[in-house]
Structures are given as C-alpha cells and as structure tokens.
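Reviewing the structure listed below.
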Amino acid sequence: MLTVLAVLFAVSIAVPWVYHRLGRPTFFLLAGVNLAAMIYVALAFAAPALQADQAAGIGQPNAPPGAFHEWLPEFGVSLAFRLDALSLVMAMLILGVGALVMLYCARYFKASERAAGPFAAQLFAFGAAMFGIVISDDVVMLFIFWEITTVLSFLLIGYSAHRIFARRSAIQALIVTKLGGLTMLVGLLWIGDLAGSNQLSEIMAAAPGLSGTQVDIAIVLVLVGALAKSAIVPFHFWLPAAMAAPTPVSAYLHAAAMVKAGVYLVARFAPGFHDTSFWLPVILGFGLTTMLVGAYRALRQTDIKLVLAYGTVSQLGFLVMINGLGTENAALAGVAMILAHGLFKAALFMVVGIIDHESGTRDLRVLSGLRRTQRPLFWISVVSAASMAGLPPLFGFVAKEVVLESFLEAAEVRGGWFWVVVVGVVVASALTVAYSARFLWGAFGTKRDESGAVLKDTRFHEPVDPVFLAAPAVLTAGTVLFAVWPAPLEAMISPYTELFGPVESGASMTYLALWHGFTLVLALSALTWVLGALLFLGRAGVARLQERVPAVFDAERTYRASIRSLDAFAQALTSRTQSGSLGHYLFIILAVATVLPVVAVLYSAGGLPTPDSWIIAEEPLQVVLGVVVIAGAFGAVLAPKRFMAVLMVGLCGYGIAGLLGLQGAPDLALTVLLVESIVLVVFVLALRTLPAGIWTRSLTRSKVSRAVLAIGFALVMMGLAALAVSSRSEAPISEEFPWMSLDVGHGANIVNVTLVDIRVWDTFGEITVIAAAATGVASLIFVKRRDVRRLTVQDIPTGSVGRVLTDENFSPSQVREIRAARSFATVAREAWLVAGRTLAPEHRSIIFEVVTRLLFHAIVLLSVYLLLAGHNTPGGGFAGGLMAGLAFVLRYLAGGRYELEAAMRFSAGGLMGSGIVVACVCGIAPLFVGGQVFQSFYVDLDLPLFGEQALVSSVLFDVGVYLVVIGLIVDVLRSLGSEIDLRSEEENRDTSDYGHGVHAETSMGVAR
C-alpha cells in the first residue's frame, strides 16, 4: 500500500508537466492510473499472503498494521499502514470514483483551458491524500493526510479565483475544516497518550480498557474534527458554499471523498468507543439535526446543484448516525450506505455539470424540456435520484432498508429517545424523497412562466459527448448492479462488522438484499415515499410555508459575524500595539527578554551556582577597548545626527573586534571587523533617504525608562551568561572540536572547519536565509526587475550622473567651485576608473579614484587568499566574501553605479543562486560514492614547485559561501545604492523641470 501511495503522489507531481505536453488526454491517463491502483489494491487484498495475515489478525483495526516503518521514534510517530475491510471499501470508492471523475474531466474542460493542468494535479493529489487517510495506522500520519486534503480542497474550491464568491467559499471551507482538524489532532494525541501508542490498531485494541472523563473528552475532540469535515451541523454551511467549485470537484470531494473522511473516522473509532459517555448523544443528536436541516433547506433551493448540496448535507448526517450507532447490523448498513451515496450522488453532480456546461444555467426555474431532448441524461438521473430517494430496485433502497432496520432494532432494544431518532429518520427520509423529485423536476421537467405559458425547451450548445456521459452512466450501472447482486459487497464488509461483537439481545443479524419480505421496515419505507410524494406535489404550499418560518439560527451568518468580530478585535489590538515606532517594539521585546529570565532565576530560589571569581581584565589594552565600546554606546545615544550615531555604533563594533582579537579569536575579530565596515556603508546608504537630524518626541521620563531598560537588559544578559557557564555539569562538546577538526575535517582552523564540516547544516541554512533576506530587501526597493542592466558605460554622457541641474540653490562661492570642478574633471578620456567619467564633476575625487584603482585588485586577491587559506588559518568563505564585498563597495563609492556595473557584470541573484548550488552539490556529491550528506573528502598531493598540498572537499562549500556573501553585498549596493541614486536624480530632475521649466535638454541627456 505504501508503494501505491508513493506512486499516486509521484504521478500528481508530474501531472503539470505531462498536461503541458499532452493536453486534455492527460485526464485519460490519470483515469487509467486510478483504475490500475483500484484493481491492484483489490487484488492485493484478495492475495493469499494477505489472507493469511488477516487470519493471524494483521490488517484488522484492533491488530498491528500491515506495514510499519519508524519515522520519528522519539515522538512515537511511524509510517504505519494497513489494509483492512473498512480501508478496502473506502479505497475502492476513492480510487474508482476518482477514475470516473478524471474521465469526466476530459470533456468538462476545454482543450484551451490552461489552468486545467494544475487542477488535474491537485485533484489527483487529493485522491492520493484520501487514500493515505484510509490506510494510515498512525494518528499523526492520518492527521497529515487529513490536512493535505484540507489544503487541496481550498485550492480546488477556489479554482475560479477571479470570482470573489469562489475565493470566499474556499477560505470559509479552509477555516472551518482546519479548526476541526486541529481540534481532532488534540483528541488523537490525547487518546494515543492514554492508550500508550499512536497506532490506531493498538488504540483500538486498548479501547476496552479505556474509560473515564479524559477518554470521553478526547473522543469528543476527535468527533469535532470528523463532524467539521463531514459538514455536520453547526459546521454544515461550508459545503453548500463550496459549490462554487467546478463540478468535478463536487462530484469527487463532496460526494465520494472529502466529506466521507469524517464518516470514515466515525466508523473507524466506533468499534472501540461507541460506549463512551458522549459518543451516541453527539453522533445521533448532531446527525439527526443535520439530516433534517439539510433536507429542509434542499426544498428551498432554485439551483439544482444546491439542491444536491443540501441533500448531501442531509445524508452526511444520516451516514454519521448509522456508522456511529455501534452495532454489527449498523456497521453493515453504514458502510453499504457510504457506497450507495457515493454512487448516486457523484452521478447526479456529474449530470448537473453536463447541464450547466452545455446550457449555461442551473436555475430550475429556467431549465425546461430536457426530459424530451436529453433522454440518456434523463434516465441516468432518474435511476440515481430514485436510489437517493430509497426506491427499489436500486442499491440506495437496499442500503436504506438495512439502515432503517438497524435503527428500529436499536429502539426496540434500548427504547427511550431512540424512538425519537427513528421518527426523525423517517421524516428526513420523506424530505429526501421530496427533494429528489424536486431535482428531477427542476432539471428535466417542463416549466411555465408567471402567465402560465410553457417555456421553450432548454437547448444545449452541442450534443453531449459519449465520454461525458460515460462516467455518470457507469456509476448508475453500479447502483443497479449492486442492488441485484450485493453479495460481493457484503463479503467485503463483513470482516469489519465482526469487530462489534455479537448482536445485542433481542436483535437479529441482517443482510443486504433487495427483498426482506413484508416487514415494518418496508412499511416505513413506503410511508416515506408517500409523504415525500405529497410534499413534492404540494411544493407551492410548502414553499410559502417555508417563507413564513423565521430562521431561528443561521450558522453561516454566525460564522460571518464571528469573522467580522475577530477582524475588528485584531484591528483594535493591532492599532494599540502596532504603533509604527521601532523604539516601542524594541522596548516591549527587551522588557520581556529582561523580566522572564529574572523571574526564572528568582523562582530557582538560589538553586543556581554562581561564579567563584570575577576577572575585570587580563591586560590594560582590554580596559582601553572596553572604554572605547562604552564611549561608542554613549555617543550613539547622545548623537544629534543620524550619521554620527552610525559612526558611534561602528566604533562599538570595532572595539568588540579588538577585544575578540585579544582573547585569541582572530577569525571572529576579522569577521566582526569586516561586518562592521560593510554595515557602516549600508547604514550610510540607507540614511540618505532619512532626515539628517534625529527627531524624537520622547519625554525625559521616557528616556530614563529606556536607559534603565537598556542597562538592565545588559546586566541580565551578563548575569545569565555567567550563570550558564557556572551551571555546566557536563563537558562541553567544543572540547571534541580540536581533534575532529584535524582528523575529520582535515583543517587546523577550528572555527572554519566547524562552519564547513562539523556544523555544515547550520551554515547551509544560514546562507539560504541570507539569500532570502537579500531577495526581500531588493524586492522592497526595486520597482522594476532587479539586475536588469539599463545602459552601458558607453551610453552615458560624461559628467551626467548626479549633475546639479541648477546653481540657484548654491552660494556664489559654491557655484565658482562647482564650475571649476566641471572644467577640470569633465573629460571624455578615462584615466583611472571605467565609469568615473560618468559622475558629475562635483561628485568626483581624483585621489579616491587613484586609491581605488591601486587597492581594488589587491583587496580581491586578499579575499581569495582568505577563502583558500581559511581552512588552516584565519579566514574562510564568509570573511573572504566580506573582503571582496568591500572591494566592490570601494568601486561604487569612487565611481558610482555604473562603475559598480562595470566591476561586477554578474547578476547578484545569480551569484547567490550559484553559491547555493555549489553548496548543494557539496552536500549531495558524497552520496554517489557511498558517503553521507556533506561528508568531506581529503586528498594529499605532491605538486612540483608547490610541494605537498592537501585538498579538502569542504573548501568547495566555502566557495559557495563566498559567492553568496558577494552576491548579498552587491545586491545591497544595487538596491540601497544604485537604485536610490537613480530615483533621487529622477526626483530632482522632475522637481527642477516643474519649478523652472528649464534645462529640458540637460534632463533628457541625463535620462538617456
């Protein structure tokens, strides 16, 4: 079964690619895959090996699973699957109807429908997930597949995303079923904890010994998920709204698959937990209410699809009641009714789809005369609707007879309010007959207008394709076949019914048959037919009566009101907490981070050890650097200008780098030094869009509170660090790093070997985050596509970038200086930088350009040295990338954005992507030679001239880090630097043109 499941999901992944090449015939292929899977599962169940397993108890709900693979053993989660009788019946329904729905889709969608490919993949994956639900023996795996169906149903219901009703319906179904699923997860884990296992088979085996309030509550939580999934009151409203989905979705999800998941869960837990305190009140109470509400609402609908939708709600209540009744006869009746409902309801939904597809309407007040013009479609509908109404000689009648018999026997044995249930079922069944007739009349009957004139026959756009009719025809044939030959189905179901033990005293065993003789059950069935026919014939009076009956409770309105209230609460809460002040947010974060550790330490009541000694400094230079850091901190707080504050923060960083260097951490010192240099440039570039001065409206009291918090947070963090070191009871794992670096990583630099070998997974995650962060920053700044080269250096007029368009805002002396600079620096010949001439003269520095030309290549070579030597000496890919980034920063600051383009002709995104690809290759490559992911390999080489050299494969991973860091810095320079430069020039140019109406020719030159 695990193989079948894997194949189904693999096919769903490949569907978009296949559909792109084959088009609509892909649906035929998918139908064949589903059919093959159904046949394979049936043959596997009938195989002698499995029969022997079943004889030994394997494959039963109260026995070990048929397949077991550990997944997360520390959490008790396993890949456990089994194929018992209940799973088999559900799998046949899911795969069989799935094959017919795929066949139906081959004509439902137009050949030009582009979205049909993803739709096919989602619908097929949904079937695979449903198959996973019914064969899962682990509650966590069951929940995972359960939630996969929730997400896929959201996508399928919202297929017509351009329609607001479709989007709203998809979100509504997602919220309701997701809340139910999460509630169910709590119940599943709780009952698993009580049973001592997460495997359903073991839970069911332990069920007889489980009792008490905890079990009762856990089972109720499980039932909440089942009821929400199966659209039981009060969760029923999402199903009619989900009719916004295409008809294949309704025929599959809302007839044979998704809504059956809750019914399946009830049937799965019924053998062991039907005697718990709240089981029958919840199952029968909410089930009967749903049956009555759905049938009543179906009689009010004018959309034939909604007639079926509310009818589905009604019959889901019916299915939940009978499958949860907890007797052997009810188990047989319940599973048979699941099959019967899947057959006739899927066929009827397909009929509605054909009518809507070919006529363009589903309004029963408009549809007229189809009985005469579409006879094959009419007779398919007659048989399926008659089966839905429980009329003989159809399978719906066979199943409903056994259902009524089960309820009657329960009432006779248990008495009391079970008789109320019987009366309610009879009334709801009569309503079912009425809305079944309403559907047939609405879809195929001849209608009259308000004046009494006969409406014209509804015309189809084109004759119905035989392939279109094939799927509902096959389902209808099944409805007839299983009515006259139910023995195979009863044999398939019987192993499941035996789990309920002997029949209750006073009751007798039942069986599936078309004729049970003249019994009370048959009389009740006849009563429902007569009452239903009378309700249909008096439909006008029934409609007027329904209009006068007020809606006491509307679940959908309650849901919408709840969502509106939640939105209002969220808005109110956000408006009070999300003030837009970064200082406010930081205050809250740091306050929590300060108070909680203090509370934890106080709670320990002195149980934590304290350091034995304190060392202020080991040498005088540490004191000097400490004073520098403190001075930088106070300077940043007191600085009146943003630029000065940034410099003071940088001073703190450089001081910390010095302290790290003194403490024997050259790698960290080098990295901090480079990071501070890069961050300083980035801050300065970003500050160009902010006012120079630091504006604040904070009162003195607020400043004092912030200062107290800052000092308190620092002291608490220092204290926690000291306590953590003093509390160590085991040897630190870092003690193993020296020998691992030499013997495993083949490098003398412990820091770098740790990054690229010992803890390489952490580094791989970090560079992925770096790439994602850079993409996010660039996306926030770039209006157009990033990394699109606008113009080459040759296309830019000399001295045009950053040119001041007017001298009116400058003093006479400044104007003379600018003119002198122009006459000196505006030359077409480039002496030092590739694009230096493009800058306006007032922005050029010849000394800066000369220094940049002299240092750029040396810095790049130094970065390569740090990259290659970092395995044994201070350096590495991160430090090398930062050093190379500084070289590009220098080129940008000296020559502007076009100089940066000339220095780095590669896309920043391409660099980061290449780096991640290189890192991935380093991780995957060892698998091809029998190694592990990210395993390092070492080769000694004796090279002429160079002597003995050692090559370690992890150095290649460092190359990936190097590329990612360079890409990050170039991306930041292009976004915070080049892009903002360009926007500022455009804004200045636009302002000048608007204010003076001059310099148009100059502006056009700059724009060029």
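Each chain in the structure tokens gets a letter, A, B, ..., in the order shown, and its residues are numbered from 1; ligands are numbered from 1 in order too.
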Quick one: contact table of range 67-186 of chain A to range 476-498 of chain A, 10 Å max, nearest atom pair and distance in Å to one decimal per residue, counting only C-alpha atoms, chain and number order, as a Markdown table?
```
| residue | atom | partner | partner_atom | distance |
| --- | --- | --- | --- | --- |
| A:Asp84 | CA | A:Tyr496 | CA | 7.7 |
| A:Ala85 | CA | A:Tyr496 | CA | 5.5 |
| A:Leu86 | CA | A:Tyr496 | CA | 6.0 |
| A:Ser87 | CA | A:Tyr496 | CA | 9.4 |
| A:Leu88 | CA | A:Met492 | CA | 8.0 |
| A:Val89 | CA | A:Ile493 | CA | 7.3 |
```
So which bits of range 810-947 of chain A end up helix (DSSP H, G or I) when you DSSP the backbone, as an mmCIF file with C-alpha atoms, in the first residue's frame?
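states-v1.cif written:
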```cif
data_model
loop_
_atom_site.group_PDB
_atom_site.id
_atom_site.type_symbol
_atom_site.label_atom_id
_atom_site.label_comp_id
_atom_site.auth_asym_id
_atom_site.auth_seq_id
_atom_site.Cartn_x
_atom_site.Cartn_y
_atom_site.Cartn_z
ATOM 1 C CA PRO A 812 28.330 82.341 -5.264
ATOM 2 C CA SER A 813 31.483 80.786 -3.836
ATOM 3 C CA GLN A 814 29.992 77.256 -4.124
ATOM 4 C CA VAL A 815 28.966 77.992 -7.706
ATOM 5 C CA ARG A 816 32.521 79.043 -8.578
ATOM 6 C CA GLU A 817 33.890 75.827 -7.015
ATOM 7 C CA ILE A 818 31.396 73.669 -8.925
ATOM 8 C CA ARG A 819 32.242 75.382 -12.224
ATOM 9 C CA ALA A 820 35.942 74.962 -11.572
ATOM 10 C CA ALA A 821 35.435 71.278 -10.830
ATOM 11 C CA ARG A 822 33.479 70.879 -14.038
ATOM 12 C CA SER A 823 36.146 72.462 -16.158
ATOM 13 C CA PHE A 824 38.786 70.303 -14.507
ATOM 14 C CA ALA A 825 37.058 66.890 -14.359
ATOM 15 C CA GLY A 836 34.446 57.507 -13.326
ATOM 16 C CA ARG A 837 33.803 59.994 -16.110
ATOM 17 C CA THR A 838 30.043 59.380 -15.871
ATOM 18 C CA PRO A 841 32.408 66.674 -11.565
ATOM 19 C CA GLU A 842 31.204 67.903 -8.194
ATOM 20 C CA HIS A 843 30.898 64.268 -7.070
ATOM 21 C CA ILE A 846 40.687 62.076 -8.140
ATOM 22 C CA ILE A 847 42.536 60.905 -5.041
ATOM 23 C CA PHE A 848 39.726 58.472 -4.206
ATOM 24 C CA GLU A 849 39.738 57.146 -7.775
ATOM 25 C CA VAL A 850 43.503 56.637 -7.754
ATOM 26 C CA VAL A 851 43.419 54.846 -4.401
ATOM 27 C CA THR A 852 40.546 52.651 -5.578
ATOM 28 C CA ARG A 853 42.398 51.644 -8.720
ATOM 29 C CA LEU A 854 45.506 50.764 -6.705
ATOM 30 C CA LEU A 855 43.693 48.828 -3.969
ATOM 31 C CA PHE A 856 40.813 47.072 -5.721
ATOM 32 C CA HIS A 857 42.752 44.181 -7.211
ATOM 33 C CA ALA A 858 44.833 43.753 -4.075
ATOM 34 C CA ILE A 859 41.699 43.517 -1.940
ATOM 35 C CA VAL A 860 40.148 40.963 -4.310
ATOM 36 C CA LEU A 861 43.329 38.864 -4.209
ATOM 37 C CA LEU A 862 43.351 39.121 -0.427
ATOM 38 C CA SER A 863 39.742 37.881 -0.364
ATOM 39 C CA VAL A 864 40.706 34.874 -2.485
ATOM 40 C CA TYR A 865 43.596 34.190 -0.120
ATOM 41 C CA LEU A 866 41.259 34.339 2.893
ATOM 42 C CA LEU A 867 38.914 31.958 1.097
ATOM 43 C CA LEU A 868 41.530 29.338 0.261
ATOM 44 C CA ALA A 869 43.663 29.657 3.374
ATOM 45 C CA GLY A 877 34.423 31.867 2.710
ATOM 46 C CA PHE A 878 32.473 34.309 4.847
ATOM 47 C CA ALA A 879 35.465 36.527 5.650
ATOM 48 C CA GLY A 880 36.700 36.297 2.052
ATOM 49 C CA GLY A 881 33.293 37.235 0.700
ATOM 50 C CA LEU A 882 33.111 40.244 3.030
ATOM 51 C CA MET A 883 36.581 41.343 1.922
ATOM 52 C CA ALA A 884 35.606 41.057 -1.744
ATOM 53 C CA GLY A 885 32.416 42.933 -0.946
ATOM 54 C CA LEU A 886 34.473 45.780 0.487
ATOM 55 C CA ALA A 887 36.344 45.968 -2.815
ATOM 56 C CA PHE A 888 33.061 46.442 -4.685
ATOM 57 C CA VAL A 889 31.938 48.973 -2.067
ATOM 58 C CA LEU A 890 35.110 50.913 -2.837
ATOM 59 C CA ARG A 891 34.416 50.824 -6.573
ATOM 60 C CA TYR A 892 30.848 52.033 -6.034
ATOM 61 C CA LEU A 893 31.798 54.867 -3.695
ATOM 62 C CA ALA A 894 34.530 56.042 -6.036
ATOM 63 C CA GLY A 895 32.778 55.734 -9.389
ATOM 64 C CA ARG A 897 26.519 52.907 -10.015
ATOM 65 C CA TYR A 898 27.963 52.448 -13.494
ATOM 66 C CA GLU A 899 31.378 51.740 -12.001
ATOM 67 C CA LEU A 900 29.717 49.033 -9.888
ATOM 68 C CA GLU A 901 28.099 47.608 -13.021
ATOM 69 C CA ALA A 902 31.492 47.566 -14.743
ATOM 70 C CA ALA A 903 33.161 45.922 -11.741
ATOM 71 C CA ALA A 908 23.576 39.438 -7.728
ATOM 72 C CA GLY A 909 20.788 36.894 -7.642
ATOM 73 C CA GLY A 910 22.805 34.680 -9.982
ATOM 74 C CA LEU A 911 25.811 34.855 -7.650
ATOM 75 C CA MET A 912 23.753 33.883 -4.622
ATOM 76 C CA GLY A 913 21.987 31.153 -6.555
ATOM 77 C CA SER A 914 25.307 29.807 -7.838
ATOM 78 C CA GLY A 915 26.673 29.778 -4.306
ATOM 79 C CA ILE A 916 23.714 27.798 -3.011
ATOM 80 C CA VAL A 917 24.011 25.388 -5.954
ATOM 81 C CA VAL A 918 27.697 24.836 -5.192
ATOM 82 C CA ALA A 919 26.834 24.186 -1.540
ATOM 83 C CA CYS A 920 24.098 21.730 -2.558
ATOM 84 C CA VAL A 921 26.485 19.886 -4.867
ATOM 85 C CA CYS A 922 28.938 19.559 -1.995
ATOM 86 C CA GLY A 923 26.190 18.044 0.089
ATOM 87 C CA ILE A 924 24.823 15.635 -2.494
ATOM 88 C CA ALA A 925 28.023 14.528 -4.237
ATOM 89 C CA PRO A 926 29.229 12.248 -1.389
ATOM 90 C CA LEU A 927 26.091 10.138 -1.765
ATOM 91 C CA PHE A 928 27.270 8.970 -5.200
ATOM 92 C CA VAL A 929 30.445 7.474 -3.720
#
```
Within 12 Å of Ser78 in chain A, counting only C-alpha atoms, which residues qualify if same-chain residues fewer than 3 places away don't, as a PDB file with N, CA and C atoms, in the first residue's frame?
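The new file around.pdb reads:
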```pdb
ATOM      1  N   PRO A  65      -0.387  -3.098  12.388  1.00  0.00           N
ATOM      2  CA  PRO A  65      -0.554  -2.702  10.985  1.00  0.00           C
ATOM      3  C   PRO A  65       0.127  -3.663  10.039  1.00  0.00           C
ATOM      4  N   ALA A  67       2.019  -2.710   7.516  1.00  0.00           N
ATOM      5  CA  ALA A  67       3.334  -2.172   7.143  1.00  0.00           C
ATOM      6  C   ALA A  67       3.744  -1.177   8.197  1.00  0.00           C
ATOM      7  N   PHE A  68       5.017  -1.249   8.618  1.00  0.00           N
ATOM      8  CA  PHE A  68       5.469  -0.387   9.697  1.00  0.00           C
ATOM      9  C   PHE A  68       6.913   0.023   9.446  1.00  0.00           C
ATOM     10  N   HIS A  69       7.139   1.344   9.449  1.00  0.00           N
ATOM     11  CA  HIS A  69       8.496   1.884   9.317  1.00  0.00           C
ATOM     12  C   HIS A  69       8.628   3.031  10.307  1.00  0.00           C
ATOM     13  N   GLU A  70       9.666   2.985  11.124  1.00  0.00           N
ATOM     14  CA  GLU A  70       9.875   4.064  12.089  1.00  0.00           C
ATOM     15  C   GLU A  70      10.210   5.357  11.362  1.00  0.00           C
ATOM     16  N   TRP A  71       9.640   6.450  11.850  1.00  0.00           N
ATOM     17  CA  TRP A  71       9.911   7.764  11.260  1.00  0.00           C
ATOM     18  C   TRP A  71      10.497   8.688  12.330  1.00  0.00           C
ATOM     19  N   LEU A  72       9.733   8.982  13.358  1.00  0.00           N
ATOM     20  CA  LEU A  72      10.204   9.796  14.482  1.00  0.00           C
ATOM     21  C   LEU A  72       9.997   8.987  15.754  1.00  0.00           C
ATOM     22  N   PRO A  73      10.874   8.025  16.010  1.00  0.00           N
ATOM     23  CA  PRO A  73      10.637   7.115  17.147  1.00  0.00           C
ATOM     24  C   PRO A  73      10.598   7.822  18.489  1.00  0.00           C
ATOM     25  N   GLU A  74      11.361   8.937  18.640  1.00  0.00           N
ATOM     26  CA  GLU A  74      11.340   9.631  19.928  1.00  0.00           C
ATOM     27  C   GLU A  74       9.987  10.267  20.215  1.00  0.00           C
ATOM     28  N   PHE A  75       9.186  10.492  19.168  1.00  0.00           N
ATOM     29  CA  PHE A  75       7.841  11.036  19.349  1.00  0.00           C
ATOM     30  C   PHE A  75       6.760   9.969  19.139  1.00  0.00           C
ATOM     31  N   PHE A  81       0.869   1.566   8.007  1.00  0.00           N
ATOM     32  CA  PHE A  81      -0.268   1.471   7.089  1.00  0.00           C
ATOM     33  C   PHE A  81      -0.872   0.075   7.198  1.00  0.00           C
ATOM     34  N   SER A 136      -3.866   4.763   6.714  1.00  0.00           N
ATOM     35  CA  SER A 136      -2.929   5.136   7.783  1.00  0.00           C
ATOM     36  C   SER A 136      -3.296   4.434   9.077  1.00  0.00           C
ATOM     37  N   ASP A 137      -2.280   3.920   9.749  1.00  0.00           N
ATOM     38  CA  ASP A 137      -2.497   3.305  11.044  1.00  0.00           C
ATOM     39  C   ASP A 137      -1.878   4.129  12.166  1.00  0.00           C
ATOM     40  N   ASP A 138      -1.256   5.239  11.803  1.00  0.00           N
ATOM     41  CA  ASP A 138      -0.671   6.135  12.789  1.00  0.00           C
ATOM     42  C   ASP A 138      -1.496   7.421  12.805  1.00  0.00           C
ATOM     43  N   VAL A 139      -1.860   7.881  14.003  1.00  0.00           N
ATOM     44  CA  VAL A 139      -2.765   9.033  14.087  1.00  0.00           C
ATOM     45  C   VAL A 139      -2.113  10.304  13.548  1.00  0.00           C
ATOM     46  N   VAL A 140      -0.789  10.430  13.693  1.00  0.00           N
ATOM     47  CA  VAL A 140      -0.109  11.606  13.163  1.00  0.00           C
ATOM     48  C   VAL A 140      -0.099  11.570  11.639  1.00  0.00           C
ATOM     49  N   MET A 141       0.167  10.407  11.069  1.00  0.00           N
ATOM     50  CA  MET A 141       0.121  10.278   9.615  1.00  0.00           C
ATOM     51  C   MET A 141      -1.293  10.535   9.104  1.00  0.00           C
ATOM     52  N   LEU A 142      -2.282  10.015   9.824  1.00  0.00           N
ATOM     53  CA  LEU A 142      -3.667  10.268   9.428  1.00  0.00           C
ATOM     54  C   LEU A 142      -3.949  11.763   9.423  1.00  0.00           C
ATOM     55  N   SER A 197       0.042   4.432  22.743  1.00  0.00           N
ATOM     56  CA  SER A 197       0.535   4.237  21.382  1.00  0.00           C
ATOM     57  C   SER A 197      -0.195   5.195  20.451  1.00  0.00           C
ATOM     58  N   ASN A 198       0.504   5.616  19.394  1.00  0.00           N
ATOM     59  CA  ASN A 198      -0.120   6.451  18.367  1.00  0.00           C
ATOM     60  C   ASN A 198      -0.684   5.629  17.224  1.00  0.00           C
ATOM     61  N   GLN A 199      -0.554   4.311  17.278  1.00  0.00           N
ATOM     62  CA  GLN A 199      -1.058   3.464  16.205  1.00  0.00           C
ATOM     63  C   GLN A 199      -2.541   3.175  16.442  1.00  0.00           C
ATOM     64  N   LEU A 200      -3.323   3.388  15.397  1.00  0.00           N
ATOM     65  CA  LEU A 200      -4.761   3.181  15.525  1.00  0.00           C
ATOM     66  C   LEU A 200      -5.094   1.751  15.929  1.00  0.00           C
TER      67      LEU A 200
END
```
Test item: residues at most 10 Å from Pro392 in chain A, only C-alpha atoms, excluding those fewer than 5 positions along its chain, as a ChimeraX atom specification: /A:383,386-387,397-398,480,483,514-515
Saved selection, atoms kept: N, CA and C atoms, as a PDB file, in the first residue's frame:
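Written file, out15.pdb:
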```
ATOM      1  N   VAL A 383     -32.559   7.090 -12.431  1.00  0.00           N
ATOM      2  CA  VAL A 383     -32.067   5.945 -11.645  1.00  0.00           C
ATOM      3  C   VAL A 383     -31.317   6.436 -10.406  1.00  0.00           C
ATOM      4  N   ALA A 386     -33.679   8.150  -7.912  1.00  0.00           N
ATOM      5  CA  ALA A 386     -34.524   7.137  -7.263  1.00  0.00           C
ATOM      6  C   ALA A 386     -33.742   6.379  -6.203  1.00  0.00           C
ATOM      7  N   SER A 387     -32.469   6.106  -6.491  1.00  0.00           N
ATOM      8  CA  SER A 387     -31.624   5.455  -5.490  1.00  0.00           C
ATOM      9  C   SER A 387     -31.437   6.367  -4.288  1.00  0.00           C
ATOM     10  N   PHE A 397     -31.983   1.775  -2.103  1.00  0.00           N
ATOM     11  CA  PHE A 397     -33.068   1.132  -1.368  1.00  0.00           C
ATOM     12  C   PHE A 397     -32.528  -0.011  -0.509  1.00  0.00           C
ATOM     13  N   VAL A 398     -31.635  -0.819  -1.073  1.00  0.00           N
ATOM     14  CA  VAL A 398     -31.073  -1.957  -0.329  1.00  0.00           C
ATOM     15  C   VAL A 398     -30.363  -1.464   0.932  1.00  0.00           C
ATOM     16  N   VAL A 480     -27.490  -0.078 -10.001  1.00  0.00           N
ATOM     17  CA  VAL A 480     -28.411  -1.170 -10.350  1.00  0.00           C
ATOM     18  C   VAL A 480     -27.778  -2.520 -10.050  1.00  0.00           C
ATOM     19  N   ALA A 483     -27.597  -3.584  -6.419  1.00  0.00           N
ATOM     20  CA  ALA A 483     -28.916  -3.832  -5.836  1.00  0.00           C
ATOM     21  C   ALA A 483     -29.328  -5.277  -6.038  1.00  0.00           C
ATOM     22  N   LEU A 514     -32.352  -7.292  -1.834  1.00  0.00           N
ATOM     23  CA  LEU A 514     -33.367  -6.442  -2.444  1.00  0.00           C
ATOM     24  C   LEU A 514     -34.742  -6.686  -1.820  1.00  0.00           C
ATOM     25  N   TRP A 515     -34.929  -7.870  -1.247  1.00  0.00           N
ATOM     26  CA  TRP A 515     -36.252  -8.209  -0.691  1.00  0.00           C
ATOM     27  C   TRP A 515     -36.075  -8.901   0.649  1.00  0.00           C
TER      28      TRP A 515
END
```
Proximity to Gly287 in chain A - best of A:Val425, A:Ala44, A:Ala256, A:Leu179, only C-alpha atoms: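 Among the listed residues, the smallest separation from Gly287 in chain A belongs to A:Val425.
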Counting only C-alpha atoms, the option among A:Gly661, A:Val595, A:Leu455, A:Pro640 closest to Met717 in chain A: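 Counting only C-alpha atoms, the residue closest to Met717 in chain A is A:Val595.
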Minimum-distance residue to Val521 in chain A, chosen among A:Phe109, A:Phe124, A:Phe713, A:Phe407 (using only C-alpha atoms):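 Under the stated criterion, the closest residue is A:Phe407.
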Residues within 10 Å of Leu404 in chain A, only C-alpha atoms, excluding chain neighbours under 5 positions, as a PyMOL selection string: chain A and resi 322+330+333+399+409-410+422+425-426+520-522+524-525
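The interatomic distance for the pair CA of Ile750 in chain A and CA of Asp958 in chain A works out to 14.1 Å.
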Spatial neighbours of Arg114 in chain A, max dist 12 Å, only C-alpha atoms, sep filter under 6 positions, as a VMD selection string: chain A and resid 16 19 to 21 23 to 24 120 159
For Gly658 in chain A, the nearest of the candidates A:Val420, A:Ile588, A:Val552, A:Leu621, counting only C-alpha atoms: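 Ranking A:Val420, A:Ile588, A:Val552, A:Leu621 by distance to Gly658 in chain A, first place goes to A:Leu621.
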Nearby residues (only C-alpha atoms) at most 7 Å from range 368-382 of chain A, same-chain spacing under 6 positions excluded, as a PyMOL selection string: chain A and resi 348+351+440+444-447+455-458+473+476
